[in-house]
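Note: the block below is entry15.txt and it holds compact mmCIF, C-alpha atoms and all ligand atoms.
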# COMPACT_ATOMS: atom_id res chain seq x y z
CA MET A 1 -13.13 15.54 99.98
CA LEU A 2 -13.10 14.65 96.30
CA PRO A 3 -16.47 14.59 94.51
CA ASP A 4 -17.89 11.13 93.70
CA ARG A 5 -16.74 9.14 90.77
CA LEU A 6 -19.52 7.05 89.22
CA PRO A 7 -18.57 3.43 88.46
CA ARG A 8 -17.73 3.06 84.77
CA PRO A 9 -19.70 0.56 82.69
CA ALA A 10 -17.80 -2.17 80.84
CA PRO A 11 -16.65 -1.25 77.35
CA VAL A 12 -18.15 -3.17 74.44
CA ASP A 13 -16.10 -6.36 74.05
CA ASN A 14 -14.62 -7.93 70.94
CA THR A 15 -17.18 -10.73 70.90
CA GLU A 16 -19.86 -8.11 70.37
CA TYR A 17 -17.91 -6.27 67.68
CA ARG A 18 -17.44 -9.62 65.90
CA ALA A 19 -21.17 -10.36 66.19
CA ARG A 20 -22.02 -6.93 64.74
CA ARG A 21 -19.80 -7.56 61.71
CA ALA A 22 -21.32 -11.03 61.26
CA ALA A 23 -24.87 -9.64 61.46
CA LEU A 24 -24.08 -6.99 58.86
CA MET A 25 -22.53 -9.53 56.50
CA ALA A 26 -25.50 -11.85 56.95
CA ALA A 27 -27.76 -9.07 55.63
CA LEU A 28 -25.68 -8.58 52.44
CA PRO A 29 -25.18 -10.80 49.37
CA ALA A 30 -22.55 -13.51 49.87
CA ASP A 31 -20.32 -12.24 47.03
CA SER A 32 -20.40 -8.60 48.09
CA ALA A 33 -17.90 -6.66 50.19
CA VAL A 34 -18.03 -3.77 52.63
CA LEU A 35 -15.51 -0.95 52.42
CA LEU A 36 -15.61 1.52 55.30
CA PRO A 37 -12.97 4.16 56.10
CA SER A 38 -12.32 5.52 59.59
CA ALA A 39 -12.54 9.23 60.34
CA ALA A 40 -9.51 11.38 59.51
CA LEU A 41 -7.78 13.99 61.64
CA VAL A 42 -9.12 17.49 60.93
CA THR A 43 -6.93 20.59 60.99
CA ARG A 44 -7.94 23.20 63.55
CA SER A 45 -5.39 25.80 62.53
CA ARG A 46 -1.98 25.51 60.89
CA ASP A 47 -0.45 22.36 62.30
CA SER A 48 -2.88 21.81 65.19
CA GLU A 49 -5.67 19.35 64.88
CA PHE A 50 -9.07 18.96 66.52
CA PRO A 51 -9.12 16.10 69.01
CA PHE A 52 -9.71 12.92 67.03
CA ARG A 53 -13.21 11.47 67.13
CA GLN A 54 -13.71 8.12 65.41
CA SER A 55 -16.49 7.79 62.85
CA SER A 56 -19.53 6.30 64.56
CA ASP A 57 -20.06 3.65 61.87
CA PHE A 58 -16.43 2.60 61.97
CA HIS A 59 -16.41 2.49 65.76
CA TYR A 60 -19.61 0.45 65.78
CA LEU A 61 -18.01 -2.27 63.65
CA THR A 62 -14.48 -2.29 65.05
CA GLY A 63 -13.93 -0.34 68.28
CA PHE A 64 -10.62 0.60 66.58
CA PRO A 65 -9.61 4.06 67.80
CA GLU A 66 -7.16 5.38 65.19
CA PRO A 67 -7.54 7.62 62.12
CA ASP A 68 -6.42 6.59 58.61
CA ALA A 69 -7.82 3.09 58.84
CA LEU A 70 -9.98 1.14 56.42
CA LEU A 71 -12.22 -1.83 57.17
CA LEU A 72 -13.08 -4.46 54.59
CA LEU A 73 -15.69 -7.11 55.24
CA LEU A 74 -15.43 -10.04 52.87
CA PRO A 75 -18.20 -12.58 53.53
CA GLY A 76 -17.06 -16.18 53.23
CA ARG A 77 -13.33 -15.44 52.81
CA ALA A 78 -11.41 -18.41 54.21
CA GLU A 79 -8.38 -16.40 55.42
CA GLY A 80 -10.68 -14.10 57.38
CA GLU A 81 -13.79 -12.06 56.71
CA SER A 82 -12.75 -8.84 58.49
CA VAL A 83 -9.60 -7.14 57.24
CA LEU A 84 -8.26 -3.86 58.59
CA PHE A 85 -5.74 -1.50 57.06
CA CYS A 86 -4.22 0.84 59.62
CA GLN A 87 -1.43 3.35 60.17
CA ASP A 88 2.07 1.95 59.90
CA ARG A 89 4.13 1.56 63.04
CA ASN A 90 6.75 4.29 62.97
CA PRO A 91 8.84 4.71 66.14
CA ALA A 92 10.13 8.17 65.12
CA ARG A 93 6.62 9.53 64.58
CA GLU A 94 5.22 7.71 67.60
CA THR A 95 7.46 9.92 69.75
CA TRP A 96 5.02 12.68 68.82
CA THR A 97 1.74 10.85 68.33
CA GLY A 98 1.94 8.08 70.91
CA ILE A 99 1.97 4.40 70.11
CA ARG A 100 0.00 3.15 67.14
CA LEU A 101 -1.43 -0.29 67.31
CA GLY A 102 -0.19 -1.41 63.90
CA ALA A 103 -1.43 -4.55 62.18
CA GLU A 104 -0.46 -6.91 64.98
CA GLY A 105 -2.06 -4.72 67.61
CA ALA A 106 -5.27 -4.43 65.60
CA VAL A 107 -5.69 -8.20 65.48
CA ARG A 108 -4.55 -8.74 69.06
CA GLU A 109 -6.50 -5.94 70.74
CA HIS A 110 -9.54 -5.62 68.52
CA GLY A 111 -10.17 -9.14 67.26
CA LEU A 112 -10.07 -8.34 63.54
CA ASP A 113 -9.34 -11.47 61.49
CA GLN A 114 -6.46 -9.92 59.59
CA ALA A 115 -4.74 -6.54 59.44
CA PHE A 116 -2.17 -4.84 57.25
CA GLU A 117 -0.45 -1.53 57.59
CA ASN A 118 -1.32 1.18 55.10
CA ALA A 119 1.99 0.78 53.25
CA GLU A 120 0.54 -2.48 51.87
CA ARG A 121 -2.88 -1.10 51.07
CA GLU A 122 -2.61 -0.37 47.40
CA ALA A 123 -0.99 -3.71 46.62
CA ARG A 124 -3.49 -5.78 48.62
CA LEU A 125 -6.78 -3.97 48.10
CA ASP A 126 -7.30 -5.08 44.48
CA GLU A 127 -6.59 -8.70 45.26
CA LEU A 128 -8.96 -8.67 48.24
CA LEU A 129 -11.83 -7.10 46.28
CA ASP A 130 -11.33 -9.03 43.03
CA GLY A 131 -14.52 -11.00 42.27
CA ARG A 132 -16.79 -9.16 44.73
CA SER A 133 -19.91 -8.22 42.76
CA ILE A 134 -21.17 -5.26 44.81
CA LEU A 135 -19.15 -2.99 47.05
CA TYR A 136 -21.16 -1.56 49.95
CA LEU A 137 -19.72 1.73 51.12
CA PRO A 138 -20.93 5.07 52.51
CA LEU A 139 -21.90 6.75 49.22
CA ASP A 140 -21.86 10.21 50.84
CA ASP A 141 -18.14 9.81 51.61
CA GLY A 142 -16.24 11.18 48.60
CA ASP A 143 -12.95 9.59 49.67
CA ALA A 144 -14.52 6.15 50.08
CA LEU A 145 -16.15 6.45 46.67
CA ALA A 146 -12.90 7.59 45.03
CA LEU A 147 -11.08 4.63 46.60
CA ALA A 148 -13.73 2.17 45.37
CA GLN A 149 -13.66 3.70 41.88
CA ALA A 150 -9.88 3.44 41.74
CA VAL A 151 -10.05 -0.27 42.68
CA ARG A 152 -12.77 -0.86 40.08
CA ASP A 153 -10.78 0.94 37.38
CA ARG A 154 -7.62 -0.98 38.11
CA LEU A 155 -9.45 -4.33 38.11
CA ALA A 156 -11.29 -3.37 34.91
CA SER A 157 -8.01 -2.57 33.20
CA ARG A 158 -6.86 -6.09 34.01
CA ALA A 159 -10.11 -7.79 33.08
CA ARG A 160 -8.58 -9.47 30.05
CA ARG A 161 -6.07 -11.10 32.33
CA GLY A 162 -8.91 -12.48 34.45
CA ALA A 163 -9.52 -9.73 36.99
CA ARG A 164 -13.21 -9.35 37.98
CA PRO A 165 -14.13 -5.75 38.82
CA PRO A 166 -17.24 -5.07 40.92
CA HIS A 167 -20.50 -4.63 38.98
CA GLY A 168 -21.57 -1.73 41.13
CA PHE A 169 -21.50 0.22 44.36
CA ALA A 170 -24.33 0.37 46.88
CA ASP A 171 -24.95 2.46 49.96
CA LEU A 172 -23.91 0.79 53.20
CA ALA A 173 -25.85 3.27 55.32
CA PRO A 174 -29.38 1.78 55.26
CA HIS A 175 -28.12 -1.67 56.33
CA LEU A 176 -25.68 -0.52 58.97
CA HIS A 177 -27.97 2.18 60.32
CA GLU A 178 -30.87 -0.18 60.71
CA GLN A 179 -28.58 -2.33 62.82
CA ARG A 180 -27.39 0.65 64.89
CA LEU A 181 -30.96 1.69 65.62
CA ILE A 182 -31.52 -1.29 67.95
CA LYS A 183 -29.16 -1.01 70.89
CA SER A 184 -27.59 -4.03 72.61
CA GLU A 185 -27.38 -4.43 76.39
CA ALA A 186 -23.78 -3.17 76.33
CA GLU A 187 -24.83 -0.09 74.36
CA LEU A 188 -27.75 0.56 76.70
CA ALA A 189 -25.34 0.42 79.65
CA LEU A 190 -23.18 3.07 77.97
CA LEU A 191 -26.17 5.26 77.13
CA ARG A 192 -27.45 4.86 80.70
CA HIS A 193 -24.06 6.01 81.94
CA ALA A 194 -23.90 8.95 79.50
CA GLY A 195 -27.38 9.88 80.78
CA ALA A 196 -26.36 9.58 84.44
CA VAL A 197 -23.23 11.69 83.94
CA SER A 198 -25.22 14.30 82.02
CA ALA A 199 -27.89 14.38 84.75
CA ARG A 200 -25.24 14.92 87.41
CA ALA A 201 -23.75 17.75 85.40
CA HIS A 202 -27.15 19.45 85.12
CA ARG A 203 -27.72 19.14 88.87
CA ARG A 204 -24.34 20.69 89.46
CA ALA A 205 -25.15 23.63 87.15
CA MET A 206 -28.50 24.14 88.89
CA ARG A 207 -26.82 24.27 92.27
CA VAL A 208 -24.27 26.82 91.16
CA ALA A 209 -26.59 29.11 89.16
CA ARG A 210 -27.22 32.59 90.53
CA PRO A 211 -27.55 36.14 89.23
CA GLY A 212 -24.20 37.75 88.52
CA LEU A 213 -22.64 34.70 86.92
CA ALA A 214 -22.44 34.36 83.14
CA GLU A 215 -23.80 31.56 80.96
CA TYR A 216 -20.26 30.21 80.49
CA HIS A 217 -19.88 29.63 84.22
CA LEU A 218 -22.65 27.05 84.01
CA GLN A 219 -21.08 25.58 80.87
CA ALA A 220 -17.83 25.19 82.81
CA GLU A 221 -19.64 23.33 85.62
CA LEU A 222 -21.31 20.97 83.15
CA GLU A 223 -18.20 20.20 81.19
CA HIS A 224 -16.09 19.75 84.33
CA GLU A 225 -18.47 16.99 85.40
CA PHE A 226 -18.38 15.34 81.96
CA ARG A 227 -14.59 14.98 82.15
CA TRP A 228 -14.51 14.23 85.87
CA GLN A 229 -16.67 11.16 85.21
CA GLY A 230 -14.40 9.98 82.39
CA GLY A 231 -16.47 11.22 79.46
CA SER A 232 -14.61 12.64 76.49
CA GLY A 233 -16.46 15.96 76.89
CA PRO A 234 -19.73 17.27 75.50
CA ALA A 235 -21.52 15.10 72.93
CA TYR A 236 -22.46 18.32 71.05
CA ALA A 237 -21.89 22.02 71.63
CA SER A 238 -23.38 22.85 75.05
CA ILE A 239 -26.20 25.40 75.00
CA VAL A 240 -26.61 27.69 78.02
CA GLY A 241 -29.12 30.42 77.20
CA GLY A 242 -30.33 32.91 79.79
CA GLY A 243 -33.52 34.94 79.23
CA ALA A 244 -34.46 35.36 75.57
CA ASN A 245 -31.27 33.54 74.46
CA ALA A 246 -33.24 30.40 75.30
CA CYS A 247 -35.38 31.11 72.23
CA VAL A 248 -32.36 30.69 69.92
CA LEU A 249 -32.48 26.97 69.27
CA HIS A 250 -28.77 26.56 68.50
CA TYR A 251 -27.43 29.26 70.82
CA VAL A 252 -23.83 28.30 71.64
CA GLU A 253 -22.11 31.61 72.46
CA ASN A 254 -22.91 31.15 76.17
CA SER A 255 -21.42 34.55 76.85
CA ALA A 256 -24.22 36.66 78.37
CA PRO A 257 -24.79 37.50 82.04
CA LEU A 258 -27.40 35.54 83.99
CA ARG A 259 -30.01 37.91 85.37
CA ASP A 260 -32.27 37.81 88.38
CA GLY A 261 -35.87 37.13 87.32
CA GLU A 262 -34.92 35.26 84.13
CA LEU A 263 -34.92 31.58 83.28
CA VAL A 264 -31.89 29.79 81.90
CA LEU A 265 -32.13 26.92 79.43
CA ILE A 266 -29.34 24.34 79.39
CA ASP A 267 -29.14 21.74 76.62
CA ALA A 268 -26.00 19.70 77.23
CA GLY A 269 -24.94 16.06 77.35
CA ALA A 270 -21.80 14.04 77.98
CA GLU A 271 -20.17 11.75 75.48
CA PHE A 272 -19.01 8.50 77.08
CA ASP A 273 -17.20 5.84 75.03
CA LEU A 274 -18.65 7.69 72.03
CA TYR A 275 -22.27 7.37 73.24
CA ALA A 276 -24.26 10.57 73.75
CA GLY A 277 -26.36 11.96 76.56
CA ASP A 278 -28.76 14.76 75.58
CA ILE A 279 -30.60 16.61 78.36
CA THR A 280 -32.37 19.95 78.48
CA ARG A 281 -33.54 21.63 81.65
CA THR A 282 -34.89 25.15 82.13
CA PHE A 283 -34.87 26.77 85.56
CA PRO A 284 -34.90 30.19 87.21
CA VAL A 285 -31.52 31.87 87.62
CA SER A 286 -32.40 32.90 91.15
CA GLY A 287 -34.09 29.62 92.14
CA ARG A 288 -37.78 30.69 92.12
CA PHE A 289 -40.11 30.64 89.10
CA GLY A 290 -42.12 33.80 88.41
CA GLU A 291 -45.85 33.42 87.79
CA ALA A 292 -45.83 33.59 83.98
CA GLN A 293 -42.65 31.52 83.78
CA ARG A 294 -44.20 28.87 85.95
CA ALA A 295 -47.47 28.81 84.02
CA LEU A 296 -45.66 28.30 80.73
CA TYR A 297 -43.25 25.80 82.28
CA GLU A 298 -46.11 23.66 83.59
CA VAL A 299 -47.56 23.48 80.06
CA VAL A 300 -44.28 22.17 78.65
CA LEU A 301 -43.74 19.82 81.59
CA ALA A 302 -47.21 18.25 81.32
CA ALA A 303 -46.71 17.71 77.58
CA GLN A 304 -43.26 16.23 78.17
CA GLU A 305 -44.38 13.87 80.94
CA ARG A 306 -47.30 12.65 78.86
CA ALA A 307 -45.05 12.08 75.86
CA VAL A 308 -42.50 10.13 77.92
CA ALA A 309 -45.32 7.99 79.34
CA ALA A 310 -46.46 7.20 75.78
CA VAL A 311 -43.13 5.59 74.81
CA GLU A 312 -43.64 1.84 74.40
CA PRO A 313 -43.35 -0.81 71.72
CA GLY A 314 -45.79 -0.13 68.90
CA ALA A 315 -46.16 3.61 69.60
CA THR A 316 -44.88 5.97 66.87
CA LEU A 317 -42.88 9.18 67.06
CA ALA A 318 -45.53 10.85 64.90
CA ALA A 319 -48.28 10.01 67.41
CA ILE A 320 -46.11 11.14 70.33
CA HIS A 321 -45.39 14.42 68.54
CA ASP A 322 -49.09 14.92 67.74
CA GLY A 323 -49.90 14.48 71.44
CA VAL A 324 -47.32 17.12 72.34
CA VAL A 325 -48.68 19.53 69.73
CA ARG A 326 -52.19 19.08 71.13
CA ASP A 327 -51.09 19.59 74.74
CA LEU A 328 -49.00 22.66 73.93
CA THR A 329 -51.73 24.20 71.76
CA ALA A 330 -54.35 23.68 74.47
CA GLY A 331 -52.00 25.17 77.08
CA LEU A 332 -51.28 28.25 74.95
CA ILE A 333 -55.00 28.85 74.46
CA ARG A 334 -55.54 28.57 78.21
CA LEU A 335 -52.82 31.14 78.87
CA GLY A 336 -54.10 33.55 76.21
CA LEU A 337 -51.12 33.20 73.87
CA LEU A 338 -53.38 31.66 71.22
CA GLU A 339 -57.01 32.48 70.60
CA GLY A 340 -60.00 30.46 69.44
CA GLU A 341 -60.96 26.81 69.52
CA LEU A 342 -58.48 23.97 69.93
CA ALA A 343 -59.59 22.23 66.72
CA ALA A 344 -59.10 25.39 64.65
CA ARG A 345 -55.66 26.06 66.14
CA LEU A 346 -54.61 22.44 65.54
CA ASP A 347 -55.82 22.78 61.95
CA ASP A 348 -53.83 25.91 61.22
CA GLU A 349 -50.80 24.64 63.19
CA SER A 350 -50.52 27.92 65.12
CA VAL A 351 -48.26 26.26 67.68
CA LYS A 352 -45.42 26.23 65.15
CA ARG A 353 -44.81 29.89 65.96
CA PHE A 354 -43.87 28.81 69.49
CA TYR A 355 -42.77 25.21 68.86
CA PRO A 356 -40.98 24.92 65.53
CA HIS A 357 -39.13 21.63 66.04
CA SER A 358 -40.12 18.00 66.40
CA THR A 359 -40.39 16.15 69.68
CA SER A 360 -37.91 13.31 69.26
CA HIS A 361 -34.83 12.03 67.53
CA TRP A 362 -32.90 8.78 67.83
CA LEU A 363 -29.97 8.78 70.24
CA GLY A 364 -26.86 6.61 70.29
CA LEU A 365 -23.30 7.01 69.03
CA ASP A 366 -24.53 10.18 67.35
CA VAL A 367 -26.66 12.68 69.23
CA HIS A 368 -29.01 12.77 66.26
CA ASP A 369 -28.54 9.09 65.72
CA VAL A 370 -29.02 7.07 62.57
CA GLY A 371 -31.94 4.86 61.56
CA ALA A 372 -34.95 5.48 59.36
CA TYR A 373 -37.82 7.37 60.98
CA ARG A 374 -40.39 6.14 58.48
CA ARG A 375 -41.31 2.85 56.86
CA ASP A 376 -43.44 2.81 53.70
CA GLY A 377 -44.18 6.48 54.21
CA GLU A 378 -45.46 5.97 57.78
CA SER A 379 -43.84 6.77 61.12
CA ARG A 380 -42.41 3.37 62.16
CA PRO A 381 -43.54 1.59 65.32
CA LEU A 382 -41.15 1.77 68.26
CA ALA A 383 -39.45 -1.47 69.28
CA PRO A 384 -37.37 -2.56 72.28
CA GLY A 385 -33.75 -1.37 71.99
CA MET A 386 -34.57 1.92 70.28
CA VAL A 387 -33.44 5.01 72.19
CA LEU A 388 -34.94 8.43 71.61
CA THR A 389 -35.23 11.87 73.13
CA VAL A 390 -38.47 13.53 74.22
CA GLU A 391 -37.98 17.28 74.10
CA PRO A 392 -40.96 19.57 73.74
CA GLY A 393 -40.44 23.29 74.20
CA LEU A 394 -42.07 26.68 73.90
CA TYR A 395 -40.17 29.71 72.66
CA VAL A 396 -42.14 32.91 72.98
CA PRO A 397 -40.93 35.82 70.85
CA ALA A 398 -40.54 39.24 72.46
CA ASP A 399 -43.11 40.69 69.98
CA ASP A 400 -45.79 43.24 70.88
CA ASP A 401 -48.76 40.96 70.28
CA ILE A 402 -47.73 38.65 73.13
CA PRO A 403 -49.02 39.43 76.64
CA PRO A 404 -46.04 41.19 78.33
CA PRO A 405 -45.22 38.73 81.11
CA PHE A 406 -44.65 35.94 78.54
CA ARG A 407 -42.42 37.85 76.12
CA GLY A 408 -38.95 36.40 75.50
CA ILE A 409 -39.36 33.21 77.55
CA GLY A 410 -37.82 30.02 76.15
CA ILE A 411 -38.43 26.64 77.76
CA ARG A 412 -37.45 23.11 76.74
CA ILE A 413 -37.43 19.92 78.78
CA GLU A 414 -35.58 16.94 77.31
CA ASP A 415 -35.01 13.40 78.52
CA ASP A 416 -33.45 10.32 76.94
CA VAL A 417 -35.73 7.30 76.82
CA ALA A 418 -35.04 3.67 75.90
CA VAL A 419 -37.88 1.51 74.59
CA THR A 420 -38.12 -1.73 76.59
CA ALA A 421 -40.28 -4.83 76.16
CA GLU A 422 -42.60 -3.57 78.91
CA GLY A 423 -42.63 0.11 77.99
CA HIS A 424 -39.71 2.41 78.53
CA GLU A 425 -36.79 3.38 80.74
CA VAL A 426 -35.86 7.04 81.28
CA LEU A 427 -32.06 7.24 81.16
CA THR A 428 -31.89 10.80 82.48
CA ALA A 429 -34.31 10.69 85.41
CA ASP A 430 -31.64 11.77 87.87
CA VAL A 431 -32.11 15.50 87.37
CA PRO A 432 -35.25 17.26 88.59
CA LYS A 433 -37.83 18.74 86.24
CA ARG A 434 -40.86 19.36 88.48
CA VAL A 435 -41.08 22.95 89.74
CA ALA A 436 -40.99 22.07 93.43
CA GLU A 437 -38.01 19.72 92.95
CA ILE A 438 -36.03 22.32 91.02
CA GLU A 439 -36.76 25.02 93.60
CA ALA A 440 -35.80 22.64 96.43
CA LEU A 441 -32.47 21.79 94.79
CA MET A 442 -31.69 25.46 94.19
CA VAL A 443 -32.73 26.71 97.60
CA ASN A 444 -29.35 25.70 99.02
CA GLN A 445 -27.41 27.91 96.64
N1 LIG B 1 -28.93 18.93 71.64
C1 LIG B 1 -29.45 18.67 70.38
C2 LIG B 1 -30.84 18.27 70.45
O1 LIG B 1 -31.46 18.36 71.49
O2 LIG B 1 -31.40 17.81 69.51
MN MN B 2 -32.12 16.31 71.53
MN MN B 3 -30.62 18.47 73.43

Structure re-expressed in structure tokens:
Amino acid sequence: MLPDRLPRPAPVDNTEYRARRAALMAALPADSAVLLPSAALVTRSRDSEFPFRQSSDFHYLTGFPEPDALLLLLPGRAEGESVLFCQDRNPARETWTGIRLGAEGAVREHGLDQAFENAEREARLDELLDGRSILYLPLDDGDALALAQAVRDRLASRARRGARPPHGFADLAPHLHEQRLIKSEAELALLRHAGAVSARAHRRAMRVARPGLAEYHLQAELEHEFRWQGGSGPAYASIVGGGANACVLHYVENSAPLRDGELVLIDAGAEFDLYAGDITRTFPVSGRFGEAQRALYEVVLAAQERAVAAVEPGATLAAIHDGVVRDLTAGLIRLGLLEGELAARLDDESVKRFYPHSTSHWLGLDVHDVGAYRRDGESRPLAPGMVLTVEPGLYVPADDDIPPPFRGIGIRIEDDVAVTAEGHEVLTADVPKRVAEIEALMVNQ
């Protein structure tokens, strides 16, 4: 019998893309313009390319899936406020690349007001941007900046004949990223699905794990599930670290054998319609926690559960992180990995030796999603529609001054959490994290 296929959520529709563009324009001056390029294809080697992945910003505003496109937003323009330039139709090349939408397809399928193929770009761009006082663009994108400068220079050279070059360029990112930080219902449905697919993949890896396999066998299980459920693949490089490899935060080799008596840490998430899942689970290779492993695991788990419970409107990521630091520090003192009083160890931040990263990041189209973390120098209050991870961990070095049973153990537990009006929703609840639940799932190996 074929494994289950989860029902797919609806894609974001054109009404929503239109509303996003309108909301962005409403936040910008009426005589400004937005200029935003798509992602480009990237060479992998010689004439092969990496699979194309649209830029998150561009996708957010258009849903348009091709490279070599450029979006202009022109508030108040009578002939249409959203104008797309895209790859030319070219039947000979489409034999190799597959069909391109072309200008007609872009308007028909994606609801842009107007579209032109790239062959017309140079001739039309100046006319479209003439008289726009400020051009908003991603200032960290050298190509976008060069394009804007070229337009400005050409218009400036014709100023005596009445052309009106822009007065300046401004960064689009703060405006667009503030908008992306608050997820719509359609986005939450996609994130929920990315979370559900990722959870299923983790369960599958837990069931298969056993001594004698290698880390990459679990990676293969995870990534099979991502594709089986219609995801594009992993949302970031999957981490499968057995034993002390779990202490390497960005371990991606996934090439070592899985050994009896060791834990394995998996940090992996599916990408679905460009939205990311991001889950970490740590479990025993042979299905039963050892005593020291379990003691350390319970410290991380208690901190993680308390942090998840603290997610609600008005809470801050700084306060949630401080709670985690306190819980982990107290736990390490209890287990004899830190000495002295809690207050002194909090003061000297001793936990950083075992917990060097922060507890949360935003999650969305990007795994480390956009949006400011601070407002006026302070950690900003959470609000409904924000989505974040909660991922405390402890990574114990194999050094001599650590009590032997704890040496070389790495543990992280990570869930994806949406802030709701009432509190929060855990998007990745469908994979066990309590010791008894993990052991029960693995007992049937
Ligand atoms: N997988 C990346 C992270 O957890 O932040
Ligand atoms: Mn994460
Ligand atoms: Mn992660």

Spatial sel., origin (-20.3, -7.5, 66.7), limit 9 Å, all atoms listed in the file, listed as a VMD selection string
chain A and resid 13 to 24 60 to 62

Residue among A:Arg53, A:Arg5, A:Arg210, A:Arg77 lying closest to Glu271 of chain A, counting all atoms listed in the file
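Among the listed residues, A:Arg53 lies closest to Glu271 of chain A.
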
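With distances taken over all atoms listed in the file, A:Leu135 is the one residue among A:Leu190, A:Met1, A:Leu135, A:Leu70 lying closest to Asp31 of chain A.
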
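Atom CA of Ala343 of chain A is found 26.2 Å from atom CA of Ala398 of chain A.
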
Of the candidates A:Ala163, A:Ala148, A:Leu363, A:Ala92, which shows the shortest atom-to-atom distance to Met386 of chain A, using only C-alpha atoms?
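Once distances to Met386 of chain A are computed over only C-alpha atoms, the minimum belongs to A:Leu363.
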
How would you write, as a list of chain:residue names, the set of residues no farther than 9 Å from ligand MN 2 (chain B) when counting all atoms listed in the file?
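Counting only what the definition allows, namely all atoms listed in the file, the set is A:Asp267, A:Gly277, A:Asp278, A:Ile279, A:Thr280, A:Thr359, A:Ser360, A:His361, A:Trp362, A:Leu363, A:Val367, A:His368, A:Leu388, A:Thr389, A:Val390, A:Glu391, A:Glu414, A:Asp415, A:Asp416.
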
Work out how far apart atom CA of Asp273 of chain A and atom CA of Leu365 of chain A are and give it in Å to one decimal.
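We find that atom CA of Asp273 of chain A and atom CA of Leu365 of chain A lie 8.6 Å from each other.
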
Could you state the separation of atom CA of Ala303 of chain A and atom CA of His193 of chain A in Å, given to one decimal place?
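Spanning atom CA of Ala303 of chain A to atom CA of His193 of chain A is a straight-line distance of 25.9 Å.
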